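Q: What follows is my_file_37.pdb, made up of PDB, C-alpha atoms, pLDDT in the B column:
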ATOM      1  CA  MET G   1       0.000   0.000   0.000  1.00 39.00           C
ATOM      2  CA  ALA G   2       2.898   2.253  -0.317  1.00 40.00           C
ATOM      3  CA  ALA G   3       4.339   4.103  -3.230  1.00 41.00           C
ATOM      4  CA  LEU G   4       7.849   5.384  -3.101  1.00 39.00           C
ATOM      5  CA  LEU G   5       9.261   7.801  -5.592  1.00 39.00           C
ATOM      6  CA  PHE G   6      12.613   6.736  -6.901  1.00 38.00           C
ATOM      7  CA  ILE G   7      14.399   9.889  -7.860  1.00 36.00           C
ATOM      8  CA  CYS G   8      18.087   9.787  -7.610  1.00 39.00           C
ATOM      9  CA  MET G   9      20.751   7.248  -8.216  1.00 39.00           C
ATOM     10  CA  SER G  10      24.340   8.180  -8.866  1.00 37.00           C
ATOM     11  CA  PHE G  11      27.452   6.335  -9.547  1.00 34.00           C
ATOM     12  CA  GLU G  12      30.977   7.282 -10.218  1.00 38.00           C
ATOM     13  CA  TYR G  13      33.200   6.201 -12.971  1.00 36.00           C
ATOM     14  CA  ALA G  14      36.941   6.766 -12.586  1.00 39.00           C
ATOM     15  CA  CYS G  15      39.826   6.099 -14.879  1.00 39.00           C
ATOM     16  CA  ALA G  16      43.453   7.079 -15.001  1.00 42.00           C
ATOM     17  CA  ASP G  17      45.231   8.579 -17.993  1.00 46.00           C
ATOM     18  CA  ASN G  18      48.878   8.329 -18.914  1.00 46.00           C
ATOM     19  CA  ASP G  19      49.636  11.166 -16.501  1.00 46.00           C
ATOM     20  CA  SER G  20      48.142   9.052 -13.665  1.00 41.00           C
ATOM     21  CA  SER G  21      45.559  11.802 -13.030  1.00 43.00           C
ATOM     22  CA  ALA G  22      42.040  10.551 -12.138  1.00 45.00           C
ATOM     23  CA  LEU G  23      39.041  11.502 -14.290  1.00 43.00           C
ATOM     24  CA  GLU G  24      35.785  11.290 -12.248  1.00 45.00           C
ATOM     25  CA  VAL G  25      32.377  11.351 -14.026  1.00 40.00           C
ATOM     26  CA  SER G  26      29.051  11.437 -12.102  1.00 39.00           C
ATOM     27  CA  TYR G  27      25.657  10.473 -13.572  1.00 40.00           C
ATOM     28  CA  THR G  28      22.225  11.131 -12.021  1.00 46.00           C
ATOM     29  CA  VAL G  29      19.149   9.090 -13.000  1.00 50.00           C
ATOM     30  CA  LEU G  30      15.747  10.402 -11.835  1.00 59.00           C
ATOM     31  CA  GLY G  31      12.316   8.783 -11.764  1.00 62.00           C
ATOM     32  CA  ILE G  32       9.269   7.777  -9.761  1.00 67.00           C
ATOM     33  CA  LYS G  33       9.136   4.533  -7.808  1.00 65.00           C
ATOM     34  CA  VAL G  34       5.543   3.499  -7.089  1.00 73.00           C
ATOM     35  CA  GLN G  35       4.530   0.567  -4.941  1.00 65.00           C
ATOM     36  CA  GLY G  36       0.899  -0.185  -5.683  1.00 75.00           C
ATOM     37  CA  ALA G  37      -1.858  -1.253  -3.315  1.00 84.00           C
ATOM     38  CA  GLU G  38      -4.626  -3.837  -3.325  1.00 87.00           C
ATOM     39  CA  HIS G  39      -8.007  -2.919  -4.854  1.00 90.00           C
ATOM     40  CA  GLY G  40      -6.604  -0.386  -7.268  1.00 89.00           C
ATOM     41  CA  SER G  41      -4.141   0.267 -10.060  1.00 87.00           C
ATOM     42  CA  TYR G  42      -1.968   3.061 -11.414  1.00 87.00           C
ATOM     43  CA  GLY G  43      -0.168   3.818 -14.643  1.00 84.00           C
ATOM     44  CA  SER G  44       0.491   6.113 -17.549  1.00 77.00           C
ATOM     45  CA  THR G  45      -1.071   6.067 -21.004  1.00 65.00           C
ATOM     46  CA  GLY G  46      -1.633   2.505 -22.209  1.00 67.00           C
ATOM     47  CA  THR G  47       0.040   0.828 -19.224  1.00 76.00           C
ATOM     48  CA  GLU G  48      -1.443  -0.119 -15.860  1.00 78.00           C
ATOM     49  CA  TYR G  49       0.162  -1.597 -12.756  1.00 79.00           C
ATOM     50  CA  GLY G  50      -1.598  -3.273  -9.849  1.00 76.00           C
ATOM     51  CA  ASN G  51      -0.095  -3.616  -6.400  1.00 76.00           C
ATOM     52  CA  GLU G  52       3.400  -4.291  -7.714  1.00 76.00           C
ATOM     53  CA  GLU G  53       6.263  -1.812  -7.635  1.00 75.00           C
ATOM     54  CA  HIS G  54       7.246   0.126 -10.757  1.00 74.00           C
ATOM     55  CA  ASP G  55       9.824   2.780 -11.648  1.00 73.00           C
ATOM     56  CA  PHE G  56       9.036   5.725 -13.927  1.00 77.00           C
ATOM     57  CA  ILE G  57      12.432   6.918 -15.174  1.00 75.00           C
ATOM     58  CA  VAL G  58      12.740  10.546 -16.322  1.00 73.00           C
ATOM     59  CA  SER G  59      15.415  13.127 -16.917  1.00 74.00           C
ATOM     60  CA  GLU G  60      16.197  15.873 -14.435  1.00 77.00           C
ATOM     61  CA  GLY G  61      13.796  18.799 -14.587  1.00 80.00           C
ATOM     62  CA  GLU G  62      11.100  16.852 -16.418  1.00 81.00           C
ATOM     63  CA  THR G  63       7.477  16.382 -15.367  1.00 83.00           C
ATOM     64  CA  GLU G  64       5.883  12.957 -14.959  1.00 82.00           C
ATOM     65  CA  SER G  65       2.202  12.104 -14.412  1.00 85.00           C
ATOM     66  CA  PHE G  66       0.234   8.934 -13.880  1.00 86.00           C
ATOM     67  CA  ILE G  67      -3.358   7.986 -13.036  1.00 89.00           C
ATOM     68  CA  VAL G  68      -4.487   6.197  -9.871  1.00 91.00           C
ATOM     69  CA  LYS G  69      -7.676   4.146 -10.352  1.00 91.00           C
ATOM     70  CA  PRO G  70      -9.605   2.273  -7.624  1.00 92.00           C
ATOM     71  CA  GLU G  71     -11.513  -0.945  -8.286  1.00 91.00           C
ATOM     72  CA  ASP G  72     -15.313  -0.899  -8.459  1.00 88.00           C
ATOM     73  CA  GLY G  73     -16.685  -0.544  -4.943  1.00 88.00           C
ATOM     74  CA  TYR G  74     -13.460   1.079  -3.692  1.00 92.00           C
ATOM     75  CA  SER G  75     -12.076   4.602  -3.540  1.00 94.00           C
ATOM     76  CA  ILE G  76      -8.698   6.215  -2.989  1.00 93.00           C
ATOM     77  CA  ASP G  77      -7.925   6.405   0.724  1.00 92.00           C
ATOM     78  CA  TYR G  78      -6.337   9.852   0.814  1.00 90.00           C
ATOM     79  CA  ASP G  79      -5.967   9.759   4.602  1.00 90.00           C
ATOM     80  CA  ASN G  80      -3.510   6.886   4.246  1.00 88.00           C
ATOM     81  CA  CYS G  81      -1.762   8.128   1.105  1.00 87.00           C
ATOM     82  CA  SER G  82       1.501  10.051   1.065  1.00 84.00           C
ATOM     83  CA  PHE G  83       2.494  11.955  -2.061  1.00 81.00           C
ATOM     84  CA  GLY G  84       5.579  13.896  -1.034  1.00 73.00           C
ATOM     85  CA  ASN G  85       6.278  17.622  -1.067  1.00 73.00           C
ATOM     86  CA  ASN G  86       6.814  18.059  -4.776  1.00 78.00           C
ATOM     87  CA  VAL G  87       3.780  16.036  -5.891  1.00 83.00           C
ATOM     88  CA  SER G  88       0.423  17.483  -6.906  1.00 86.00           C
ATOM     89  CA  VAL G  89      -2.794  15.471  -6.706  1.00 89.00           C
ATOM     90  CA  GLU G  90      -5.841  16.208  -8.851  1.00 92.00           C
ATOM     91  CA  LYS G  91      -9.010  14.445  -7.753  1.00 92.00           C
ATOM     92  CA  ASN G  92     -11.040  13.588 -10.848  1.00 93.00           C
ATOM     93  CA  SER G  93     -14.845  13.412 -11.002  1.00 92.00           C
ATOM     94  CA  ASP G  94     -14.788   9.717 -11.961  1.00 92.00           C
ATOM     95  CA  GLY G  95     -13.082   8.739  -8.690  1.00 92.00           C
ATOM     96  CA  THR G  96      -9.564   8.526 -10.135  1.00 92.00           C
ATOM     97  CA  ALA G  97      -6.674  10.839  -9.328  1.00 92.00           C
ATOM     98  CA  THR G  98      -3.941  12.330 -11.472  1.00 91.00           C
ATOM     99  CA  ILE G  99      -0.536  12.354  -9.750  1.00 87.00           C
ATOM    100  CA  THR G 100       1.983  14.823 -11.160  1.00 87.00           C
ATOM    101  CA  VAL G 101       5.618  15.410 -10.220  1.00 81.00           C
ATOM    102  CA  LYS G 102       7.049  18.600 -11.747  1.00 81.00           C
ATOM    103  CA  ASP G 103      10.654  19.617 -12.253  1.00 78.00           C
ATOM    104  CA  ILE G 104      12.040  16.432 -10.745  1.00 74.00           C
ATOM    105  CA  LYS G 105      15.317  17.121  -8.959  1.00 73.00           C
ATOM    106  CA  SER G 106      15.168  15.151  -5.746  1.00 67.00           C
ATOM    107  CA  ILE G 107      13.769  11.986  -4.265  1.00 66.00           C
ATOM    108  CA  GLU G 108      10.015  12.067  -3.606  1.00 70.00           C
ATOM    109  CA  ASN G 109       8.003   9.468  -1.697  1.00 73.00           C
ATOM    110  CA  VAL G 110       4.474   8.453  -2.694  1.00 81.00           C
ATOM    111  CA  LYS G 111       2.233   6.031  -0.845  1.00 83.00           C
ATOM    112  CA  LEU G 112      -1.036   4.717  -2.346  1.00 88.00           C
ATOM    113  CA  ALA G 113      -3.971   3.209  -0.459  1.00 89.00           C
ATOM    114  CA  PHE G 114      -7.552   2.220  -1.273  1.00 92.00           C
ATOM    115  CA  LYS G 115     -10.598   1.665   0.913  1.00 92.00           C
ATOM    116  CA  LYS G 116     -13.925  -0.083   0.482  1.00 91.00           C
ATOM    117  CA  ASN G 117     -16.861   2.245  -0.107  1.00 91.00           C
ATOM    118  CA  ASP G 118     -19.713   2.368   2.349  1.00 89.00           C
ATOM    119  CA  PRO G 119     -22.831   0.633   0.932  1.00 88.00           C
ATOM    120  CA  VAL G 120     -25.419   2.919  -0.637  1.00 88.00           C
ATOM    121  CA  LYS G 121     -28.532   3.152   1.515  1.00 92.00           C
ATOM    122  CA  HIS G 122     -32.053   3.184   0.050  1.00 93.00           C
ATOM    123  CA  GLN G 123     -35.301   4.082   1.792  1.00 95.00           C
ATOM    124  CA  VAL G 124     -37.790   1.233   2.088  1.00 96.00           C
ATOM    125  CA  THR G 125     -41.458   1.811   2.940  1.00 96.00           C
ATOM    126  CA  VAL G 126     -43.886  -1.003   3.768  1.00 97.00           C
ATOM    127  CA  THR G 127     -47.631  -0.276   3.988  1.00 96.00           C
ATOM    128  CA  SER G 128     -50.397  -2.589   5.150  1.00 95.00           C
ATOM    129  CA  SER G 129     -54.127  -1.937   4.686  1.00 92.00           C
ATOM    130  CA  GLY G 130     -57.262  -3.972   5.151  1.00 90.00           C
ATOM    131  CA  ASN G 131     -58.301  -6.610   7.655  1.00 89.00           C
ATOM    132  CA  GLY G 132     -54.973  -8.474   8.003  1.00 93.00           C
ATOM    133  CA  LYS G 133     -51.589  -8.377   9.698  1.00 95.00           C
ATOM    134  CA  THR G 134     -48.233  -7.759   8.006  1.00 96.00           C
ATOM    135  CA  TYR G 135     -44.828  -8.436   9.566  1.00 97.00           C
ATOM    136  CA  VAL G 136     -41.338  -7.506   8.351  1.00 97.00           C
ATOM    137  CA  SER G 137     -37.989  -9.155   9.121  1.00 96.00           C
ATOM    138  CA  ILE G 138     -34.646  -7.648   8.041  1.00 95.00           C
ATOM    139  CA  ASN G 139     -31.726 -10.007   7.371  1.00 95.00           C
ATOM    140  CA  GLY G 140     -33.280 -12.823   9.390  1.00 94.00           C
ATOM    141  CA  GLY G 141     -34.080 -10.645  12.380  1.00 95.00           C
ATOM    142  CA  GLU G 142     -37.196 -10.536  14.515  1.00 95.00           C
ATOM    143  CA  LEU G 143     -40.573 -10.130  12.800  1.00 95.00           C
ATOM    144  CA  VAL G 144     -41.946  -6.624  13.388  1.00 95.00           C
ATOM    145  CA  LEU G 145     -45.640  -5.825  13.000  1.00 95.00           C
ATOM    146  CA  VAL G 146     -46.421  -3.155  10.402  1.00 95.00           C
ATOM    147  CA  ASN G 147     -48.962  -0.870  12.010  1.00 92.00           C
ATOM    148  CA  GLY G 148     -50.157   0.860   8.861  1.00 92.00           C
ATOM    149  CA  GLN G 149     -46.694   1.872   7.640  1.00 95.00           C
ATOM    150  CA  ILE G 150     -43.038   1.356   8.476  1.00 95.00           C
ATOM    151  CA  THR G 151     -39.976   3.025   6.898  1.00 95.00           C
ATOM    152  CA  PHE G 152     -36.309   2.071   7.183  1.00 95.00           C
ATOM    153  CA  GLU G 153     -33.027   2.131   5.233  1.00 94.00           C
ATOM    154  CA  ALA G 154     -31.429  -0.839   3.475  1.00 93.00           C
ATOM    155  CA  ASP G 155     -28.661  -1.522   0.960  1.00 92.00           C
ATOM    156  CA  SER G 156     -28.171  -3.988  -1.898  1.00 89.00           C
ATOM    157  CA  SER G 157     -27.147  -6.784   0.503  1.00 90.00           C
ATOM    158  CA  THR G 158     -30.270  -6.461   2.676  1.00 94.00           C
ATOM    159  CA  VAL G 159     -32.839  -9.281   2.554  1.00 96.00           C
ATOM    160  CA  ILE G 160     -36.360  -8.250   3.558  1.00 97.00           C
ATOM    161  CA  LEU G 161     -38.881 -10.934   4.524  1.00 97.00           C
ATOM    162  CA  VAL G 162     -42.540  -9.892   4.466  1.00 97.00           C
ATOM    163  CA  LYS G 163     -44.964 -12.184   6.312  1.00 97.00           C
ATOM    164  CA  THR G 164     -48.690 -11.708   5.670  1.00 96.00           C
ATOM    165  CA  VAL G 165     -51.533 -13.099   7.769  1.00 96.00           C
ATOM    166  CA  ALA G 166     -55.005 -12.783   6.248  1.00 93.00           C
ATOM    167  CA  PRO G 167     -58.171 -13.671   8.172  1.00 91.00           C
ATOM    168  CA  SER G 168     -60.585 -16.283   6.860  1.00 90.00           C
ATOM    169  CA  GLY G 169     -62.467 -15.021   3.817  1.00 89.00           C
ATOM    170  CA  TYR G 170     -59.799 -12.550   2.699  1.00 92.00           C
ATOM    171  CA  TYR G 171     -57.300 -12.407  -0.145  1.00 91.00           C
ATOM    172  CA  THR G 172     -53.796 -10.936   0.184  1.00 94.00           C
ATOM    173  CA  TYR G 173     -52.333  -8.732  -2.555  1.00 93.00           C
ATOM    174  CA  ALA G 174     -48.768  -7.384  -2.494  1.00 95.00           C
ATOM    175  CA  VAL G 175     -46.801  -5.220  -4.914  1.00 95.00           C
ATOM    176  CA  VAL G 176     -43.158  -4.106  -4.854  1.00 95.00           C
ATOM    177  CA  ASN G 177     -42.594  -0.844  -6.734  1.00 94.00           C
ATOM    178  CA  GLY G 178     -45.749  -1.543  -8.735  1.00 91.00           C
ATOM    179  CA  VAL G 179     -44.882  -5.159  -9.580  1.00 93.00           C
ATOM    180  CA  ALA G 180     -46.952  -7.977  -8.087  1.00 93.00           C
ATOM    181  CA  ALA G 181     -45.078 -10.049  -5.509  1.00 94.00           C
ATOM    182  CA  GLU G 182     -45.158 -13.852  -5.546  1.00 94.00           C
ATOM    183  CA  ILE G 183     -46.611 -14.805  -2.183  1.00 95.00           C
ATOM    184  CA  ALA G 184     -45.738 -18.299  -0.952  1.00 95.00           C
ATOM    185  CA  SER G 185     -48.273 -20.695   0.531  1.00 93.00           C
ATOM    186  CA  ASP G 186     -47.242 -19.602   4.040  1.00 95.00           C
ATOM    187  CA  GLY G 187     -48.102 -15.986   3.176  1.00 95.00           C
ATOM    188  CA  SER G 188     -44.506 -14.751   2.897  1.00 96.00           C
ATOM    189  CA  PHE G 189     -42.330 -13.207   0.185  1.00 97.00           C
ATOM    190  CA  THR G 190     -38.819 -11.720   0.079  1.00 96.00           C
ATOM    191  CA  VAL G 191     -37.400  -8.515  -1.347  1.00 96.00           C
ATOM    192  CA  LYS G 192     -33.642  -8.210  -2.016  1.00 93.00           C
ATOM    193  CA  ASN G 193     -30.976  -6.742  -4.340  1.00 91.00           C
ATOM    194  CA  LEU G 194     -32.258  -3.220  -3.701  1.00 90.00           C
ATOM    195  CA  SER G 195     -30.962  -0.616  -6.143  1.00 86.00           C
ATOM    196  CA  ASN G 196     -33.237   2.340  -5.413  1.00 91.00           C
ATOM    197  CA  GLU G 197     -36.047   3.571  -3.185  1.00 94.00           C
ATOM    198  CA  THR G 198     -38.545   0.756  -2.609  1.00 95.00           C
ATOM    199  CA  LEU G 199     -42.274   0.777  -1.817  1.00 96.00           C
ATOM    200  CA  ILE G 200     -43.923  -2.451  -0.658  1.00 97.00           C
ATOM    201  CA  LYS G 201     -47.729  -2.434  -0.457  1.00 96.00           C
ATOM    202  CA  VAL G 202     -49.820  -5.181   1.153  1.00 96.00           C
ATOM    203  CA  VAL G 203     -53.613  -5.104   0.859  1.00 95.00           C
ATOM    204  CA  TYR G 204     -56.154  -7.513   2.354  1.00 95.00           C
ATOM    205  CA  THR G 205     -59.440  -7.766   0.410  1.00 92.00           C
ATOM    206  CA  ALA G 206     -62.577  -9.730   1.266  1.00 89.00           C
ATOM    207  CA  LYS G 207     -63.483 -12.626  -1.013  1.00 82.00           C
ATOM    208  CA  ILE G 208     -66.790 -12.620  -2.901  1.00 69.00           C
ATOM    209  CA  GLY G 209     -68.918 -15.269  -1.136  1.00 55.00           C
ATOM    210  CA  PRO G 210     -71.746 -15.655   1.384  1.00 52.00           C
ATOM    211  CA  VAL G 211     -72.644 -12.624   3.464  1.00 48.00           C
ATOM    212  CA  PHE G 212     -71.691 -14.662   6.521  1.00 48.00           C
ATOM    213  CA  THR G 213     -68.790 -17.139   6.536  1.00 47.00           C
ATOM    214  CA  GLY G 214     -68.884 -18.736   9.939  1.00 47.00           C
ATOM    215  CA  ASP G 215     -68.425 -15.822  12.308  1.00 47.00           C
ATOM    216  CA  SER G 216     -67.001 -13.543   9.575  1.00 50.00           C
ATOM    217  CA  PHE G 217     -69.155 -10.816   7.989  1.00 53.00           C
ATOM    218  CA  ASN G 218     -68.461 -10.028   4.299  1.00 55.00           C
ATOM    219  CA  PRO G 219     -69.211  -6.321   3.695  1.00 60.00           C
ATOM    220  CA  MET G 220     -68.476  -6.555  -0.045  1.00 59.00           C
ATOM    221  CA  VAL G 221     -71.213  -9.107  -0.616  1.00 57.00           C
ATOM    222  CA  CYS G 222     -73.604  -7.165   1.592  1.00 58.00           C
ATOM    223  CA  LEU G 223     -72.978  -4.008  -0.431  1.00 61.00           C
ATOM    224  CA  LEU G 224     -73.518  -5.890  -3.684  1.00 61.00           C
ATOM    225  CA  LEU G 225     -76.848  -7.276  -2.432  1.00 60.00           C
ATOM    226  CA  MET G 226     -77.961  -3.801  -1.396  1.00 65.00           C
ATOM    227  CA  VAL G 227     -77.183  -2.395  -4.854  1.00 66.00           C
ATOM    228  CA  LEU G 228     -79.030  -5.237  -6.588  1.00 64.00           C
ATOM    229  CA  SER G 229     -82.023  -4.852  -4.262  1.00 66.00           C
ATOM    230  CA  ALA G 230     -82.199  -1.120  -4.928  1.00 67.00           C
ATOM    231  CA  ALA G 231     -82.056  -1.715  -8.691  1.00 66.00           C
ATOM    232  CA  ALA G 232     -84.822  -4.339  -8.508  1.00 65.00           C
ATOM    233  CA  LEU G 233     -86.985  -2.040  -6.403  1.00 60.00           C
ATOM    234  CA  ALA G 234     -86.559   0.775  -8.926  1.00 65.00           C
ATOM    235  CA  VAL G 235     -87.677  -1.479 -11.788  1.00 59.00           C
ATOM    236  CA  ILE G 236     -90.776  -2.652  -9.854  1.00 58.00           C
ATOM    237  CA  THR G 237     -91.726   0.934  -8.978  1.00 59.00           C
ATOM    238  CA  LYS G 238     -91.379   2.019 -12.607  1.00 57.00           C
ATOM    239  CA  LYS G 239     -93.653  -0.807 -13.790  1.00 53.00           C
ATOM    240  CA  LYS G 240     -96.340   0.140 -11.261  1.00 53.00           C
ATOM    241  CA  ARG G 241     -96.338   3.733 -12.506  1.00 56.00           C
ATOM    242  CA  ILE G 242     -96.786   2.574 -16.097  1.00 56.00           C
ATOM    243  CA  LEU G 243     -99.766   0.449 -15.137  1.00 55.00           C
TER
END
Taking this structure as input, can you express it in the form of structure tokens?
A:
Amino acid sequence: MAALLFICMSFEYACADNDSSALEVSYTVLGIKVQGAEHGSYGSTGTEYGNEEHDFIVSEGETESFIVKPEDGYSIDYDNCSFGNNVSVEKNSDGTATITVKDIKSIENVKLAFKKNDPVKHQVTVTSSGNGKTYVSINGGELVLVNGQITFEADSSTVILVKTVAPSGYYTYAVVNGVAAEIASDGSFTVKNLSNETLIKVVYTAKIGPVFTGDSFNPMVCLLLMVLSAAALAVITKKKRIL
């Protein structure tokens, strides 16, 4: 996770002439030594390096740049990076960074580091209406009764279990962001792989059947009978007036 800038290496070459006087020649080679880090890469145009070490060799006074790129789901950990005194860092909008060393004349040290991004949170709303009970469990936790509505935050790794309990004579309907949910025989369904705000609606509706089913009263059937009775009464009244 460290990047070191290799700047200066010198060596001496000496030889003796016929006069036994020594001729001393000194060479200086400058460059950037970068030790990469896990979960990211770096490099110049057309060449990328992972977490291995690489030397960028340049001449004295030149400018050298390279790009630091984190893996998907990671970002550059600037708090644990060290770029030296003569290094400029440009944070790019795409999450990468451009590292530039200008007028290289001395050894610079650069350290790279990457960190895992925090998961993106999405708002989840569960509503329950009608004569039934709806429970919610998050990631295998305790079932919580939805008293009309419940709202919480979840990410893409969250698994939401919705448990529905309908009374005798009632159907259960559920939709997730407008799409019908597949309810299992035990009245449950799961919601996972969240990628945006999620709305889960559960509705309990009375079945069309006898007005009384055991001890259960069916208001839908009662209302239907009232409408039909009113219509029949209107027809009978109209016939009497004609006669």
Q: With distances taken over all atoms listed in the file, which residue among G:Ile200, G:Ala174, G:Val58, G:Ala97 lies nearest Phe114 in chain G?
A: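 Selected residue with least distance to Phe114 in chain G: G:Ala97.
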Q: Do you know which residues the PyMOL selection byres ((chain G and resi 161) around 8) returns on this file, as a ChimeraX atom specification?
A: /G:136-140,159-160,162-163,188-191
Q: When the PyMOL selection byres ((chain G and resi 196) around 10) is applied to the structure above, which residues does it catch, written out as JSON, numbers by chain?
A: {"G": [120, 121, 122, 123, 124, 154, 155, 156, 177, 193, 194, 195, 197, 198, 199]}
Q: Taking the file as shown, find all residues satisfying the PyMOL selection byres ((chain G and resi 64-77) around 8) and write them as a list of chain:residue names.
A: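 Going through the file, the PyMOL selection byres ((chain G and resi 64-77) around 8) ends up selecting G:His39, G:Gly40, G:Ser41, G:Tyr42, G:Gly43, G:Ser44, G:Thr45, G:Phe56, G:Val58, G:Glu62, G:Thr63, G:Tyr78, G:Asp79, G:Asn80, G:Cys81, G:Gly95, G:Thr96, G:Ala97, G:Thr98, G:Ile99, G:Thr100, G:Val101, G:Lys102, G:Leu112, G:Ala113, G:Phe114, G:Lys115, G:Lys116, G:Asn117.
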Q: To one decimal place, how far is CA of Leu143 in chain G from CA of Gly178 in chain G in Å?
A: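 Between CA of Leu143 in chain G and CA of Gly178 in chain G the gap is 23.8 Å.
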Q: Between CA of Ala206 in chain G and CA of Ala166 in chain G, what is the distance in Å, rounded to a tenth?
A: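 Taking CA of Ala206 in chain G as the start and CA of Ala166 in chain G as the end point, the length is 9.6 Å.
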Q: Measuring between only C-alpha atoms, which one of G:Tyr171, G:Ile150, G:Glu52, G:Val110 shows the shortest distance to Thr205 in chain G?
A: G:Tyr171
Q: Between G:Asn147, G:Thr158, G:Thr47, G:Val202, which residue has the minimum interatomic distance to Glu182 in chain G, considering only C-alpha atoms?
A: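 Of the candidates, the smallest distance to Glu182 in chain G is held by G:Val202.
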Q: Select, from G:Asp103, G:Asp94, G:Asp118, G:Glu142, the residue with the minimum atom-to-atom distance to Ser157 in chain G, counting all atoms listed in the file.
A: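 Smallest distance to Ser157 in chain G is found for G:Asp118.
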Q: Given 5 Å of margin on each side, can you work out the centre and size in Å (one decimal) of an axis-aligned box holding every listed atom of range 188-204 of chain G, as AutoDock Vina command-line options?
A:
--center_x -43.6 --center_y -5.6 --center_z -1.6 --size_x 35.2 --size_y 28.3 --size_z 19.0
Q: Just how far from CA of Ser82 in chain G is CA of Lys111 in chain G, in Å to one decimal?
A: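 Those two atoms sit 4.5 Å apart.
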Q: Could you check which of G:Gly148, G:Ser185, G:Glu153, G:Asn131 is closest to Lys207 in chain G, using all atoms listed in the file?
A: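 The closest residue to Lys207 in chain G is G:Asn131.
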